[in-house]
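Text of the file my_file39.tsv, holding TSV, C-alpha atoms and all ligand atoms:
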chain	number	residue	atom	x	y	z
P	28	MET	CA	-67.70	-100.15	80.67
P	29	ILE	CA	-65.86	-102.52	78.39
P	30	VAL	CA	-65.63	-103.10	74.66
P	31	ARG	CA	-65.43	-106.75	73.66
P	32	LYS	CA	-66.11	-108.98	70.67
P	33	ALA	CA	-69.81	-109.71	70.25
P	34	GLU	CA	-71.08	-113.22	70.91
P	35	GLU	CA	-74.22	-114.89	69.59
P	36	ALA	CA	-75.81	-114.46	73.02
P	37	ASP	CA	-75.60	-110.65	72.54
P	38	ALA	CA	-78.22	-110.63	69.77
P	39	GLN	CA	-81.11	-109.52	72.02
P	40	GLY	CA	-79.01	-106.76	73.63
P	41	ILE	CA	-77.94	-105.50	70.20
P	42	PHE	CA	-81.55	-105.61	69.04
P	43	ASP	CA	-82.54	-103.41	72.01
P	44	VAL	CA	-79.91	-100.85	70.93
P	45	GLU	CA	-81.21	-101.00	67.34
P	46	THR	CA	-84.84	-100.40	68.28
P	47	GLU	CA	-83.86	-97.43	70.44
P	48	SER	CA	-81.66	-95.92	67.72
P	49	PHE	CA	-83.26	-96.39	64.29
P	50	SER	CA	-86.66	-95.88	62.67
P	51	VAL	CA	-86.10	-99.04	60.60
P	52	PRO	CA	-84.17	-101.35	62.97
P	53	TRP	CA	-82.62	-104.66	62.00
P	54	SER	CA	-84.67	-107.66	63.08
P	55	LEU	CA	-83.47	-109.98	65.82
P	56	GLN	CA	-83.21	-112.68	63.16
P	57	ALA	CA	-80.95	-110.54	60.96
P	58	ILE	CA	-78.69	-109.69	63.91
P	59	THR	CA	-78.48	-113.35	64.90
P	60	ARG	CA	-77.45	-114.22	61.32
P	61	GLU	CA	-74.71	-111.56	61.38
P	62	LEU	CA	-73.25	-112.84	64.65
P	63	ALA	CA	-73.29	-116.43	63.41
P	64	ASN	CA	-71.00	-115.51	60.51
P	65	PRO	CA	-67.67	-114.41	62.05
P	66	ASN	CA	-65.71	-115.30	58.90
P	67	LEU	CA	-67.38	-112.43	57.06
P	68	THR	CA	-68.36	-110.08	59.87
P	69	MET	CA	-66.70	-108.34	62.82
P	70	TYR	CA	-68.92	-107.15	65.67
P	71	TYR	CA	-68.02	-105.44	68.94
P	72	VAL	CA	-70.25	-104.46	71.83
P	73	LEU	CA	-69.99	-101.88	74.58
P	74	ALA	CA	-71.21	-103.48	77.81
P	75	ASP	CA	-71.67	-102.00	81.27
P	76	GLU	CA	-70.80	-103.62	84.62
P	77	ASP	CA	-73.98	-105.68	84.85
P	78	GLY	CA	-73.59	-106.95	81.28
P	79	THR	CA	-76.19	-104.66	79.66
P	80	ILE	CA	-75.34	-103.98	76.03
P	81	ALA	CA	-75.02	-100.20	75.75
P	82	GLY	CA	-73.93	-100.09	72.12
P	83	TYR	CA	-72.48	-102.02	69.24
P	84	ALA	CA	-70.62	-101.62	65.97
P	85	GLY	CA	-69.96	-103.99	63.11
P	86	LEU	CA	-68.58	-104.42	59.64
P	87	TRP	CA	-68.47	-106.83	56.73
P	88	ARG	CA	-65.16	-108.02	55.36
P	89	VAL	CA	-64.75	-108.32	51.59
P	90	LEU	CA	-61.13	-109.05	50.65
P	91	ASP	CA	-59.16	-106.02	51.86
P	92	GLU	CA	-62.24	-103.79	52.21
P	93	GLY	CA	-64.53	-103.26	55.15
P	94	GLN	CA	-68.13	-102.02	55.07
P	95	ILE	CA	-69.49	-100.67	58.35
P	96	THR	CA	-72.96	-102.11	58.79
P	97	ASN	CA	-73.98	-100.10	61.82
P	98	ILE	CA	-72.86	-98.28	64.92
P	99	ALA	CA	-75.26	-97.23	67.65
P	100	LEU	CA	-75.46	-96.55	71.36
P	101	LYS	CA	-78.47	-96.37	73.64
P	102	GLN	CA	-79.43	-92.75	74.28
P	103	GLN	CA	-78.10	-92.56	77.84
P	104	TYR	CA	-74.59	-93.60	76.77
P	105	ARG	CA	-74.16	-91.09	73.96
P	106	ARG	CA	-71.84	-88.04	73.99
P	107	GLN	CA	-69.38	-89.60	76.45
P	108	GLY	CA	-66.74	-90.81	74.02
P	109	TYR	CA	-68.02	-94.40	73.82
P	110	GLY	CA	-69.06	-94.21	70.17
P	111	GLU	CA	-65.55	-93.11	69.22
P	112	LEU	CA	-64.05	-95.87	71.38
P	113	LEU	CA	-66.25	-98.55	69.77
P	114	LEU	CA	-65.51	-97.36	66.26
P	115	ARG	CA	-61.77	-97.20	66.95
P	116	VAL	CA	-61.72	-100.74	68.36
P	117	LEU	CA	-63.62	-102.02	65.31
P	118	MET	CA	-61.52	-100.14	62.77
P	119	GLU	CA	-58.20	-101.03	64.39
P	120	ALA	CA	-59.23	-104.70	64.48
P	121	ALA	CA	-60.07	-104.42	60.76
P	122	TRP	CA	-56.67	-102.82	59.93
P	123	GLU	CA	-55.00	-105.56	61.96
P	124	ASP	CA	-56.98	-108.17	60.01
P	125	GLY	CA	-55.76	-106.88	56.63
P	126	CYS	CA	-58.34	-104.24	55.64
P	127	SER	CA	-56.94	-101.22	53.87
P	128	ASP	CA	-60.13	-99.23	53.20
P	129	ILE	CA	-63.37	-99.01	55.21
P	130	PHE	CA	-66.66	-97.73	53.74
P	131	LEU	CA	-69.94	-96.64	55.29
P	132	GLU	CA	-73.19	-94.83	54.56
P	133	VAL	CA	-74.68	-92.13	56.75
P	134	ARG	CA	-77.76	-89.89	56.63
P	135	VAL	CA	-76.70	-86.46	55.36
P	136	SER	CA	-78.42	-84.85	58.39
P	137	ASN	CA	-76.67	-87.05	60.99
P	138	ILE	CA	-74.39	-84.32	62.30
P	139	GLY	CA	-73.12	-86.32	65.29
P	140	ALA	CA	-72.13	-89.39	63.29
P	141	LEU	CA	-70.61	-87.24	60.53
P	142	HIS	CA	-68.48	-85.42	63.11
P	143	LEU	CA	-67.25	-88.72	64.51
P	144	TYR	CA	-66.46	-90.17	61.07
P	145	ARG	CA	-64.58	-87.08	59.89
P	146	LYS	CA	-62.64	-86.99	63.16
P	147	LEU	CA	-61.37	-90.53	62.52
P	148	GLY	CA	-60.38	-89.81	58.91
P	149	TYR	CA	-63.45	-90.54	56.75
P	150	GLN	CA	-64.14	-88.49	53.64
P	151	VAL	CA	-67.29	-88.19	51.53
P	152	LEU	CA	-67.01	-90.14	48.25
P	153	SER	CA	-70.51	-89.69	46.82
P	154	VAL	CA	-74.20	-89.12	47.58
P	155	ARG	CA	-76.83	-91.88	47.26
P	156	LYS	CA	-80.17	-90.26	46.50
P	157	ASN	CA	-83.09	-91.33	48.72
P	158	TYR	CA	-81.07	-94.17	50.19
P	159	TYR	CA	-82.95	-94.07	53.50
P	160	SER	CA	-86.64	-94.33	54.33
P	161	GLU	CA	-88.71	-93.17	57.33
P	162	PRO	CA	-87.88	-90.38	56.69
P	163	GLU	CA	-86.63	-90.54	53.12
P	164	GLU	CA	-83.16	-89.02	52.94
P	165	ASP	CA	-79.91	-89.07	50.95
P	166	ALA	CA	-76.84	-90.92	52.19
P	167	TYR	CA	-73.22	-89.89	52.04
P	168	VAL	CA	-70.98	-92.75	51.04
P	169	MET	CA	-67.74	-92.26	52.97
P	170	ASP	CA	-64.48	-94.13	53.21
P	171	CYS	CA	-61.39	-94.10	55.37
P	172	LYS	CA	-58.17	-95.49	53.93
P	173	LYS	CA	-55.79	-96.97	56.43
P	174	GLU	CA	-53.21	-94.27	55.72
P	175	ASN	CA	-55.80	-91.55	56.48
P	176	TYR	CA	-56.91	-93.04	59.81
P	177	GLN	CA	-56.40	-90.60	62.68
P	178	TRP	CA	-54.64	-92.67	65.33
P	179	ILE	CA	-54.67	-91.37	68.89
P	180	THR	CA	-51.19	-89.95	69.35
P	181	ASN	CA	-49.39	-90.39	72.62
P	182	SER	CA	-50.07	-87.24	74.65
P	183	TYR	CA	-46.79	-87.73	76.56
P	184	LYS	CA	-44.96	-86.96	73.32
P	185	LYS	CA	-46.56	-83.51	73.04
P	186	ASP	CA	-43.21	-81.66	73.36
P	187	GLU	CA	-41.42	-83.61	70.63
P	201	LIG	C1	-73.39	-91.65	66.26
P	201	LIG	C2	-73.09	-92.20	67.65
P	201	LIG	C3	-72.68	-93.67	67.55
P	201	LIG	C4	-71.91	-91.39	68.23
P	201	LIG	O1	-71.53	-91.94	69.47
P	201	LIG	P1	-71.27	-91.01	70.75
P	201	LIG	O2	-70.76	-91.89	71.84
P	201	LIG	O3	-72.49	-90.21	71.03
P	201	LIG	O4	-70.11	-90.06	70.22
P	201	LIG	P2	-68.80	-89.63	71.04
P	201	LIG	O5	-69.21	-89.15	72.39
P	201	LIG	O6	-67.80	-90.72	70.96
P	201	LIG	O7	-68.34	-88.39	70.18
P	201	LIG	C5	-67.40	-88.50	69.11
P	201	LIG	C6	-67.25	-87.13	68.47
P	201	LIG	O8	-68.46	-86.78	67.79
P	201	LIG	C7	-69.03	-85.60	68.36
P	201	LIG	N1	-70.48	-85.79	68.44
P	201	LIG	C8	-71.14	-86.89	68.85
P	201	LIG	N2	-72.47	-86.68	68.80
P	201	LIG	C9	-72.63	-85.41	68.34
P	201	LIG	C10	-73.78	-84.61	68.05
P	201	LIG	N3	-75.02	-85.09	68.25
P	201	LIG	N4	-73.57	-83.36	67.58
P	201	LIG	C11	-72.33	-82.89	67.38
P	201	LIG	N5	-71.19	-83.60	67.63
P	201	LIG	C12	-71.35	-84.84	68.11
P	201	LIG	C13	-68.41	-85.46	69.73
P	201	LIG	O9	-68.39	-84.13	70.18
P	201	LIG	C14	-67.02	-86.01	69.49
P	201	LIG	O10	-66.21	-85.08	68.83
P	201	LIG	P3	-65.08	-84.22	69.62
P	201	LIG	O11	-64.17	-85.22	70.26
P	201	LIG	O12	-64.45	-83.43	68.51
P	201	LIG	O13	-65.83	-83.38	70.62
P	201	LIG	C15	-74.32	-92.06	68.61
P	201	LIG	O14	-74.70	-90.71	68.68
P	201	LIG	C16	-75.53	-92.89	68.22
P	201	LIG	O15	-75.68	-94.04	68.62
P	201	LIG	N6	-76.44	-92.29	67.40
P	201	LIG	C17	-77.67	-92.97	66.97
P	201	LIG	C18	-77.36	-94.04	65.95
P	201	LIG	C19	-76.67	-93.48	64.72
P	201	LIG	O16	-77.04	-92.44	64.19
P	201	LIG	N7	-75.63	-94.21	64.25
P	201	LIG	C20	-74.89	-93.85	63.05
P	201	LIG	C21	-75.49	-94.51	61.87
P	201	LIG	S1	-74.58	-94.17	60.38

For the structure just supplied, provide its representation as structure tokens.
Ligand SMILES: CC(C)(COP(=O)(O)OP(=O)(O)OC[C@H]1O[C@@H](n2cnc3c(N)ncnc32)[C@H](O)[C@@H]1OP(=O)(O)O)[C@@H](O)C(=O)NCCC(=O)NCCS
Amino acid sequence: MIVRKAEEADAQGIFDVETESFSVPWSLQAITRELANPNLTMYYVLADEDGTIAGYAGLWRVLDEGQITNIALKQQYRRQGYGELLLRVLMEAAWEDGCSDIFLEVRVSNIGALHLYRKLGYQVLSVRKNYYSEPEEDAYVMDCKKENYQWITNSYKKDE
């Protein structure tokens, strides 16, 4: 498995991940538009050996802020650390590119995603009532400031 920058040719593979992951998926057209706009967006994909897109993550850049648009993996690739890897690659690329704060929304019942976000340093800022549909649900608005990001520390330095 590798994580690499998304290319326009990945739109169909990303769309397949979307339809498997969300009740209201982004359209192929919307994904294509996102990928065609690398000045404002950053997208990474997780791809397996034969090139199948197993997952993706992306954000919008607005000055020194990032807004995560989505992160998702196909079912069979979940719970193996790949979501964390993808999110770390995306966030570290955003820090490198000058972001200092990254925002996202998440369903309040999405225990897995919430665990991942908290692990990497996100905190809840507010609740958006009925933000989601199918089913209707509130969203947590979360952010992670660069200084709160939980870098992976070097395990060889455990004794220091
Ligand atoms: C959310 C998602 C991207 C997480 O990716 P993943 O590869 O399954 O997560 P990882 O294996 O990297 O796990 C990262 C951490 O979250 C925890 N976690 C992941 N899924 C979990 C779940 N369903 N329940 C509890 N904890 C979970 C893991 O245990 C791990 O924490 P740990 O290291 O403390 O044990 C993935 O589940 C997914 O695609 N979900 C559907 C789409 C979605 O909801 N996206 C988020 C939209 S806001």

What are the closest atom pairs, with distances in Å to one decimal, for each residue of chain P lying within 7 Å of ligand LIG 201 (chain P), using only C-alpha atoms and all ligand atoms, rows by chain and rising residue number, as a tab-separated table?
residue	atom	partner	partner_atom	distance
P:Ser48	CA	P:LIG201	C18	5.0
P:Phe49	CA	P:LIG201	C18	6.6
P:Asn97	CA	P:LIG201	C21	5.8
P:Ile98	CA	P:LIG201	N7	5.0
P:Ala99	CA	P:LIG201	O15	3.4
P:Leu100	CA	P:LIG201	O15	3.7
P:Lys101	CA	P:LIG201	O15	6.2
P:Gln102	CA	P:LIG201	O15	6.9
P:Tyr104	CA	P:LIG201	O2	6.5
P:Arg105	CA	P:LIG201	O3	3.5
P:Arg106	CA	P:LIG201	O5	3.3
P:Gln107	CA	P:LIG201	O5	4.1
P:Gly108	CA	P:LIG201	O6	3.2
P:Tyr109	CA	P:LIG201	O2	4.2
P:Gly110	CA	P:LIG201	O2	3.3
P:Glu111	CA	P:LIG201	O6	3.7
P:Leu112	CA	P:LIG201	O6	6.4
P:Glu132	CA	P:LIG201	S1	6.0
P:Val133	CA	P:LIG201	S1	4.2
P:Arg134	CA	P:LIG201	S1	6.5
P:Asn137	CA	P:LIG201	O16	6.3
P:Ile138	CA	P:LIG201	N4	5.4
P:Gly139	CA	P:LIG201	C9	3.2
P:Ala140	CA	P:LIG201	C1	3.9
P:His142	CA	P:LIG201	O8	4.9
P:Leu143	CA	P:LIG201	O8	4.0
P:Lys146	CA	P:LIG201	O12	6.7

Can I get the selection written as a PDB file, in the frame of the given file, with C-alpha atoms?
ATOM      1  CA  SER P  48     -81.660 -95.920  67.720  1.00  0.00           C
ATOM      2  CA  PHE P  49     -83.260 -96.390  64.290  1.00  0.00           C
ATOM      3  CA  ASN P  97     -73.980-100.100  61.820  1.00  0.00           C
ATOM      4  CA  ILE P  98     -72.860 -98.280  64.920  1.00  0.00           C
ATOM      5  CA  ALA P  99     -75.260 -97.230  67.650  1.00  0.00           C
ATOM      6  CA  LEU P 100     -75.460 -96.550  71.360  1.00  0.00           C
ATOM      7  CA  LYS P 101     -78.470 -96.370  73.640  1.00  0.00           C
ATOM      8  CA  GLN P 102     -79.430 -92.750  74.280  1.00  0.00           C
ATOM      9  CA  TYR P 104     -74.590 -93.600  76.770  1.00  0.00           C
ATOM     10  CA  ARG P 105     -74.160 -91.090  73.960  1.00  0.00           C
ATOM     11  CA  ARG P 106     -71.840 -88.040  73.990  1.00  0.00           C
ATOM     12  CA  GLN P 107     -69.380 -89.600  76.450  1.00  0.00           C
ATOM     13  CA  GLY P 108     -66.740 -90.810  74.020  1.00  0.00           C
ATOM     14  CA  TYR P 109     -68.020 -94.400  73.820  1.00  0.00           C
ATOM     15  CA  GLY P 110     -69.060 -94.210  70.170  1.00  0.00           C
ATOM     16  CA  GLU P 111     -65.550 -93.110  69.220  1.00  0.00           C
ATOM     17  CA  LEU P 112     -64.050 -95.870  71.380  1.00  0.00           C
ATOM     18  CA  GLU P 132     -73.190 -94.830  54.560  1.00  0.00           C
ATOM     19  CA  VAL P 133     -74.680 -92.130  56.750  1.00  0.00           C
ATOM     20  CA  ARG P 134     -77.760 -89.890  56.630  1.00  0.00           C
ATOM     21  CA  ASN P 137     -76.670 -87.050  60.990  1.00  0.00           C
ATOM     22  CA  ILE P 138     -74.390 -84.320  62.300  1.00  0.00           C
ATOM     23  CA  GLY P 139     -73.120 -86.320  65.290  1.00  0.00           C
ATOM     24  CA  ALA P 140     -72.130 -89.390  63.290  1.00  0.00           C
ATOM     25  CA  HIS P 142     -68.480 -85.420  63.110  1.00  0.00           C
ATOM     26  CA  LEU P 143     -67.250 -88.720  64.510  1.00  0.00           C
ATOM     27  CA  LYS P 146     -62.640 -86.990  63.160  1.00  0.00           C
TER      28      LYS P 146
END

query: Counting only C-alpha atoms, what is within 12 Å of Glu92 of chain P, bar same-chain residues fewer than 3 positions away, as a ChimeraX atom specification?
result: /P:67-68,86-89,95,118,121-122,124-131,170-173

query: What does the distance from atom CA of Asn64 of chain P to atom CA of Met169 of chain P come to in Å, to one decimal?
result: 24.7 Å

message: Tell me which residues come within 8 Å of (-71.2, -104.4, 72.3), as a PyMOL selection string, counting all atoms listed in the file in the file's coordinates.
response: chain P and resi 30-33+37+41+70-74+80-84

query: Which residue gives the smallest distance to Ala166 of chain P among P:Gly148, P:Ser54, P:Gln103, P:Val154, with all atoms listed in the file counted?
result: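 For Ala166 of chain P, the nearest of the candidates is P:Val154.
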
- prompt: Which of these residues is nearest to Gln94 of chain P, using all atoms listed in the file: P:Gly78, P:Pro162, P:Val168, P:Pro65?
  reply: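 Comparing P:Gly78, P:Pro162, P:Val168, P:Pro65 against Gln94 of chain P, the winner is P:Val168.
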
Any chance you could build segment 42-53 of chain P out to all heavy atoms and write it as a JSON list (two decimals), keeping the file's coordinate frame?
[["chain", "number", "residue", "atom", "x", "y", "z"],
["P", 42, "PHE", "N", -80.23, -105.96, 69.57],
["P", 42, "PHE", "CA", -81.55, -105.61, 69.04],
["P", 42, "PHE", "C", -82.17, -104.47, 69.85],
["P", 42, "PHE", "O", -82.78, -103.54, 69.29],
["P", 42, "PHE", "CB", -82.46, -106.86, 69.08],
["P", 42, "PHE", "CG", -83.84, -106.62, 68.56],
["P", 42, "PHE", "CD1", -84.06, -106.31, 67.22],
["P", 42, "PHE", "CD2", -84.93, -106.73, 69.41],
["P", 42, "PHE", "CE1", -85.35, -106.09, 66.75],
["P", 42, "PHE", "CE2", -86.22, -106.51, 68.94],
["P", 42, "PHE", "CZ", -86.43, -106.18, 67.60],
["P", 43, "ASP", "N", -82.00, -104.48, 71.17],
["P", 43, "ASP", "CA", -82.54, -103.41, 72.01],
["P", 43, "ASP", "C", -81.89, -102.06, 71.64],
["P", 43, "ASP", "O", -82.56, -101.03, 71.62],
["P", 43, "ASP", "CB", -82.29, -103.72, 73.49],
["P", 43, "ASP", "CG", -83.08, -104.93, 73.96],
["P", 43, "ASP", "OD1", -84.03, -105.34, 73.27],
["P", 43, "ASP", "OD2", -82.73, -105.49, 75.03],
["P", 44, "VAL", "N", -80.60, -102.08, 71.36],
["P", 44, "VAL", "CA", -79.91, -100.85, 70.93],
["P", 44, "VAL", "C", -80.48, -100.38, 69.59],
["P", 44, "VAL", "O", -80.76, -99.19, 69.41],
["P", 44, "VAL", "CB", -78.38, -101.08, 70.79],
["P", 44, "VAL", "CG1", -77.69, -99.84, 70.25],
["P", 44, "VAL", "CG2", -77.78, -101.50, 72.13],
["P", 45, "GLU", "N", -80.66, -101.32, 68.67],
["P", 45, "GLU", "CA", -81.21, -101.00, 67.34],
["P", 45, "GLU", "C", -82.58, -100.32, 67.43],
["P", 45, "GLU", "O", -82.82, -99.30, 66.80],
["P", 45, "GLU", "CB", -81.39, -102.31, 66.54],
["P", 45, "GLU", "CG", -80.20, -102.75, 65.78],
["P", 45, "GLU", "CD", -80.00, -101.95, 64.51],
["P", 45, "GLU", "OE1", -80.90, -101.89, 63.66],
["P", 45, "GLU", "OE2", -78.92, -101.37, 64.37],
["P", 46, "THR", "N", -83.47, -100.92, 68.24],
["P", 46, "THR", "CA", -84.84, -100.40, 68.28],
["P", 46, "THR", "C", -84.86, -99.01, 68.93],
["P", 46, "THR", "O", -85.71, -98.19, 68.59],
["P", 46, "THR", "CB", -85.80, -101.34, 69.05],
["P", 46, "THR", "OG1", -85.20, -101.67, 70.30],
["P", 46, "THR", "CG2", -86.06, -102.61, 68.28],
["P", 47, "GLU", "N", -83.90, -98.76, 69.81],
["P", 47, "GLU", "CA", -83.86, -97.43, 70.44],
["P", 47, "GLU", "C", -83.21, -96.39, 69.52],
["P", 47, "GLU", "O", -83.39, -95.20, 69.70],
["P", 47, "GLU", "CB", -83.07, -97.51, 71.76],
["P", 47, "GLU", "CG", -83.27, -96.30, 72.62],
["P", 47, "GLU", "CD", -82.62, -96.42, 74.00],
["P", 47, "GLU", "OE1", -82.85, -97.41, 74.70],
["P", 47, "GLU", "OE2", -81.87, -95.49, 74.34],
["P", 48, "SER", "N", -82.48, -96.85, 68.50],
["P", 48, "SER", "CA", -81.66, -95.92, 67.72],
["P", 48, "SER", "C", -82.18, -95.62, 66.32],
["P", 48, "SER", "O", -81.85, -94.57, 65.77],
["P", 48, "SER", "CB", -80.23, -96.48, 67.59],
["P", 48, "SER", "OG", -79.66, -96.70, 68.86],
["P", 49, "PHE", "N", -82.92, -96.55, 65.71],
["P", 49, "PHE", "CA", -83.26, -96.39, 64.29],
["P", 49, "PHE", "C", -84.75, -96.55, 64.02],
["P", 49, "PHE", "O", -85.41, -97.37, 64.66],
["P", 49, "PHE", "CB", -82.48, -97.41, 63.45],
["P", 49, "PHE", "CG", -80.99, -97.25, 63.55],
["P", 49, "PHE", "CD1", -80.21, -98.20, 64.19],
["P", 49, "PHE", "CD2", -80.36, -96.12, 63.01],
["P", 49, "PHE", "CE1", -78.83, -98.04, 64.30],
["P", 49, "PHE", "CE2", -78.99, -95.96, 63.11],
["P", 49, "PHE", "CZ", -78.22, -96.92, 63.76],
["P", 50, "SER", "N", -85.25, -95.79, 63.04],
["P", 50, "SER", "CA", -86.66, -95.88, 62.67],
["P", 50, "SER", "C", -86.95, -97.19, 61.94],
["P", 50, "SER", "O", -88.08, -97.69, 61.95],
["P", 50, "SER", "CB", -87.05, -94.69, 61.80],
["P", 50, "SER", "OG", -86.24, -94.64, 60.65],
["P", 51, "VAL", "N", -85.93, -97.74, 61.28],
["P", 51, "VAL", "CA", -86.10, -99.04, 60.60],
["P", 51, "VAL", "C", -85.01, -99.98, 61.15],
["P", 51, "VAL", "O", -83.98, -100.18, 60.51],
["P", 51, "VAL", "CB", -85.97, -98.90, 59.06],
["P", 51, "VAL", "CG1", -86.33, -100.21, 58.38],
["P", 51, "VAL", "CG2", -86.83, -97.76, 58.54],
["P", 52, "PRO", "N", -85.23, -100.53, 62.35],
["P", 52, "PRO", "CA", -84.17, -101.35, 62.97],
["P", 52, "PRO", "C", -84.01, -102.71, 62.30],
["P", 52, "PRO", "O", -84.94, -103.21, 61.68],
["P", 52, "PRO", "CB", -84.67, -101.53, 64.41],
["P", 52, "PRO", "CG", -86.13, -101.34, 64.36],
["P", 52, "PRO", "CD", -86.43, -100.44, 63.19],
["P", 53, "TRP", "N", -82.83, -103.28, 62.43],
["P", 53, "TRP", "CA", -82.62, -104.66, 62.00],
["P", 53, "TRP", "C", -83.45, -105.58, 62.88],
["P", 53, "TRP", "O", -83.62, -105.31, 64.07],
["P", 53, "TRP", "CB", -81.14, -105.03, 62.15],
["P", 53, "TRP", "CG", -80.32, -104.69, 60.95],
["P", 53, "TRP", "CD1", -80.72, -103.96, 59.86],
["P", 53, "TRP", "CD2", -78.96, -105.07, 60.73],
["P", 53, "TRP", "NE1", -79.67, -103.87, 58.97],
["P", 53, "TRP", "CE2", -78.60, -104.53, 59.47],
["P", 53, "TRP", "CE3", -78.02, -105.80, 61.44],
["P", 53, "TRP", "CZ2", -77.32, -104.71, 58.93],
["P", 53, "TRP", "CZ3", -76.75, -105.97, 60.90],
["P", 53, "TRP", "CH2", -76.41, -105.44, 59.66]]
